[in-house]
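Structure below is entry-v4.json: JSON, C-alpha atoms.
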```
[["chain", "number", "residue", "atom", "x", "y", "z"],
["A", 1, "MET", "CA", -15.75, 2.45, -4.33],
["A", 2, "ASN", "CA", -12.00, 1.96, -4.59],
["A", 3, "LYS", "CA", -10.44, -1.42, -3.81],
["A", 4, "VAL", "CA", -6.72, -1.59, -3.07],
["A", 5, "THR", "CA", -5.15, -4.42, -5.09],
["A", 6, "SER", "CA", -1.51, -3.99, -4.04],
["A", 7, "PHE", "CA", 0.84, -1.75, -2.15],
["A", 8, "THR", "CA", 4.54, -1.39, -1.49],
["A", 9, "TYR", "CA", 6.70, 0.91, 0.56],
["A", 10, "PHE", "CA", 10.12, 2.37, 0.02],
["A", 11, "THR", "CA", 12.35, 4.67, 2.00],
["A", 12, "THR", "CA", 14.59, 7.46, 0.76],
["A", 13, "PRO", "CA", 16.71, 9.88, 2.77],
["A", 14, "GLU", "CA", 13.79, 12.33, 2.60],
["A", 15, "ALA", "CA", 10.81, 10.16, 3.61],
["A", 16, "THR", "CA", 9.01, 6.83, 3.56],
["A", 17, "PHE", "CA", 6.59, 6.38, 0.67],
["A", 18, "LEU", "CA", 3.61, 4.12, 0.01],
["A", 19, "SER", "CA", 2.71, 3.23, -3.56],
["A", 20, "THR", "CA", -0.78, 1.88, -4.05],
["A", 21, "THR", "CA", -2.50, 0.20, -6.97],
["A", 22, "TYR", "CA", -6.28, 0.09, -6.88],
["A", 23, "SER", "CA", -9.41, -0.66, -8.89],
["A", 24, "VAL", "CA", -12.60, 1.36, -9.07],
["A", 25, "VAL", "CA", -15.63, -0.85, -8.39],
["A", 26, "ASP", "CA", -19.25, 0.12, -9.13],
["A", 27, "GLU", "CA", -21.02, -0.15, -5.77],
["A", 28, "ASP", "CA", -24.33, -1.24, -7.30],
["A", 29, "SER", "CA", -23.18, -3.87, -9.79],
["A", 30, "GLY", "CA", -19.87, -4.89, -8.20],
["A", 31, "GLU", "CA", -18.17, -4.57, -11.58],
["A", 32, "VAL", "CA", -14.69, -3.13, -11.97],
["A", 33, "THR", "CA", -15.03, 0.08, -13.96],
["A", 34, "ASP", "CA", -11.35, 1.03, -13.93],
["A", 35, "SER", "CA", -8.24, -0.84, -12.86],
["A", 36, "ASN", "CA", -4.54, -0.41, -12.38],
["A", 37, "ARG", "CA", -4.86, 3.11, -10.98],
["A", 38, "ARG", "CA", -1.80, 4.18, -9.00],
["A", 39, "GLU", "CA", -0.96, 6.63, -6.26],
["A", 40, "THR", "CA", 2.23, 7.31, -4.32],
["A", 41, "ILE", "CA", 2.20, 9.26, -1.07],
["A", 42, "SER", "CA", 4.85, 10.29, 1.44],
["A", 43, "VAL", "CA", 4.17, 9.03, 4.96],
["A", 44, "PHE", "CA", 4.94, 11.07, 8.05],
["A", 45, "ASP", "CA", 2.16, 9.87, 10.37],
["A", 46, "SER", "CA", 3.75, 7.94, 13.26],
["A", 47, "ASP", "CA", 0.92, 5.38, 13.44],
["A", 48, "ALA", "CA", 1.16, 4.64, 9.72],
["A", 49, "LEU", "CA", 4.95, 4.34, 9.95],
["A", 50, "ALA", "CA", 4.55, 1.88, 12.85],
["A", 51, "ASP", "CA", 2.08, -0.15, 10.77],
["A", 52, "ILE", "CA", 4.54, -0.27, 7.87],
["A", 53, "ASP", "CA", 7.27, -1.42, 10.27],
["A", 54, "SER", "CA", 4.98, -4.17, 11.64],
["A", 55, "ILE", "CA", 4.30, -5.52, 8.14],
["A", 56, "LYS", "CA", 8.02, -5.39, 7.32],
["A", 57, "THR", "CA", 8.89, -7.26, 10.55],
["A", 58, "TYR", "CA", 6.24, -9.89, 9.80],
["A", 59, "LEU", "CA", 7.54, -10.45, 6.26],
["A", 60, "GLU", "CA", 11.17, -10.59, 7.39],
["A", 61, "GLY", "CA", 10.17, -13.27, 9.89],
["A", 62, "ARG", "CA", 8.51, -15.26, 7.11],
["A", 63, "VAL", "CA", 11.47, -15.14, 4.75],
["A", 64, "ASN", "CA", 14.06, -15.76, 7.48],
["A", 65, "ASN", "CA", 12.23, -18.51, 9.37],
["A", 66, "GLY", "CA", 10.14, -20.14, 6.67]]
```

As structure tokens, please, write out the structure in this file.
Amino acid sequence: MNKVTSFTYFTTPEATFLSTTYSVVDEDSGEVTDSNRRETISVFDSDALADIDSIKTYLEGRVNNG
């Protein structure tokens, strides 16, 4: 099983991208068998883009309003 440990987004003139870091966890033992794996994907799905925008709006509210 893969467990996401962090993610970030960035936008270029071409697209919005999500970069993900994840660990591979053995489903039977629960032990991490590999960590710090990375993947970057371009995002064009409108629902995913709306979700990214919601997280960005939430974080901007936190940093602007404490």

Around all of range 7-18 of chain A's listed atoms, make the axis-aligned box with 5 Å on each side and tell me centre and edge lengths in Å to one decimal, as lines of an AutoDock Vina configuration file.
```
center_x = 8.8
center_y = 5.3
center_z = 0.7
size_x = 25.9
size_y = 24.1
size_z = 15.8
```

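CA of Phe17 in chain A lies 21.3 Å from CA of Ser35 in chain A.
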
Next item on the list: Compile the contact shell of Phe10 in chain A as an NGL selection string: residues with an atom at most 12 Å away, counting all atoms listed in the file, same-chain residues fewer than 2 positions apart removed.
Entry: :A and (7-8 or 12-20 or 40-43 or 49 or 52-53 or 56)

Next item on the list: Might you pull out every residue within 9 Å of Arg37 in chain A, with only C-alpha atoms counted and same-chain residues fewer than 2 positions away left off, and present them as an MDAnalysis selection string?
Entry: chainID A and resid 20:24 34:35 39

Complete range 40-51 of chain A at the level of all heavy atoms, written as a short mmCIF file (atom, residue, chain, number, x, y, z; two decimals), in the coordinates of the input.
```
data_model
loop_
_atom_site.label_atom_id
_atom_site.label_comp_id
_atom_site.auth_asym_id
_atom_site.auth_seq_id
_atom_site.Cartn_x
_atom_site.Cartn_y
_atom_site.Cartn_z
N THR A 40 1.09 7.38 -5.23
CA THR A 40 2.23 7.31 -4.32
C THR A 40 2.14 8.50 -3.37
O THR A 40 1.93 9.63 -3.81
CB THR A 40 3.56 7.34 -5.08
OG1 THR A 40 3.62 6.20 -5.95
CG2 THR A 40 4.74 7.30 -4.12
N ILE A 41 2.28 8.21 -2.07
CA ILE A 41 2.20 9.26 -1.07
C ILE A 41 3.41 9.17 -0.14
O ILE A 41 3.97 8.09 0.06
CB ILE A 41 0.92 9.17 -0.23
CG1 ILE A 41 0.83 7.83 0.50
CG2 ILE A 41 -0.31 9.40 -1.10
CD1 ILE A 41 -0.29 7.75 1.53
N SER A 42 3.82 10.30 0.40
CA SER A 42 4.85 10.29 1.44
C SER A 42 4.14 10.11 2.78
O SER A 42 3.04 10.61 2.99
CB SER A 42 5.67 11.58 1.42
OG SER A 42 4.83 12.70 1.45
N VAL A 43 4.78 9.37 3.68
CA VAL A 43 4.17 9.03 4.96
C VAL A 43 4.98 9.64 6.09
O VAL A 43 6.17 9.37 6.22
CB VAL A 43 4.10 7.49 5.15
CG1 VAL A 43 3.45 7.13 6.46
CG2 VAL A 43 3.39 6.82 3.99
N PHE A 44 4.31 10.47 6.88
CA PHE A 44 4.94 11.07 8.05
C PHE A 44 4.19 10.75 9.33
O PHE A 44 4.71 10.97 10.42
CB PHE A 44 5.03 12.60 7.87
CG PHE A 44 5.90 12.99 6.71
CD1 PHE A 44 5.34 13.38 5.51
CD2 PHE A 44 7.28 12.96 6.81
CE1 PHE A 44 6.13 13.74 4.43
CE2 PHE A 44 8.09 13.31 5.74
CZ PHE A 44 7.51 13.70 4.55
N ASP A 45 2.98 10.21 9.21
CA ASP A 45 2.16 9.87 10.37
C ASP A 45 2.81 8.73 11.15
O ASP A 45 3.12 7.67 10.58
CB ASP A 45 0.76 9.46 9.90
CG ASP A 45 -0.13 9.05 11.04
OD1 ASP A 45 -0.63 9.94 11.74
OD2 ASP A 45 -0.30 7.83 11.25
N SER A 46 3.02 8.94 12.44
CA SER A 46 3.75 7.94 13.26
C SER A 46 3.00 6.62 13.35
O SER A 46 3.63 5.56 13.36
CB SER A 46 4.05 8.49 14.65
OG SER A 46 2.85 8.83 15.32
N ASP A 47 1.68 6.64 13.40
CA ASP A 47 0.92 5.38 13.44
C ASP A 47 1.07 4.61 12.13
O ASP A 47 1.25 3.39 12.15
CB ASP A 47 -0.57 5.65 13.71
CG ASP A 47 -0.83 6.13 15.13
OD1 ASP A 47 -0.02 5.84 16.03
OD2 ASP A 47 -1.87 6.80 15.34
N ALA A 48 1.00 5.30 11.02
CA ALA A 48 1.16 4.64 9.72
C ALA A 48 2.58 4.08 9.57
O ALA A 48 2.76 2.96 9.08
CB ALA A 48 0.85 5.61 8.59
N LEU A 49 3.58 4.83 10.01
CA LEU A 49 4.95 4.34 9.95
C LEU A 49 5.13 3.10 10.82
O LEU A 49 5.83 2.15 10.43
CB LEU A 49 5.93 5.43 10.37
CG LEU A 49 6.06 6.60 9.39
CD1 LEU A 49 6.82 7.75 10.04
CD2 LEU A 49 6.75 6.15 8.10
N ALA A 50 4.48 3.07 11.98
CA ALA A 50 4.55 1.88 12.85
C ALA A 50 3.87 0.69 12.18
O ALA A 50 4.35 -0.45 12.29
CB ALA A 50 3.91 2.18 14.20
N ASP A 51 2.76 0.93 11.49
CA ASP A 51 2.08 -0.15 10.77
C ASP A 51 2.96 -0.71 9.66
O ASP A 51 3.05 -1.93 9.48
CB ASP A 51 0.76 0.34 10.20
CG ASP A 51 -0.27 0.66 11.27
OD1 ASP A 51 -0.15 0.16 12.41
OD2 ASP A 51 -1.21 1.42 10.96
#
```
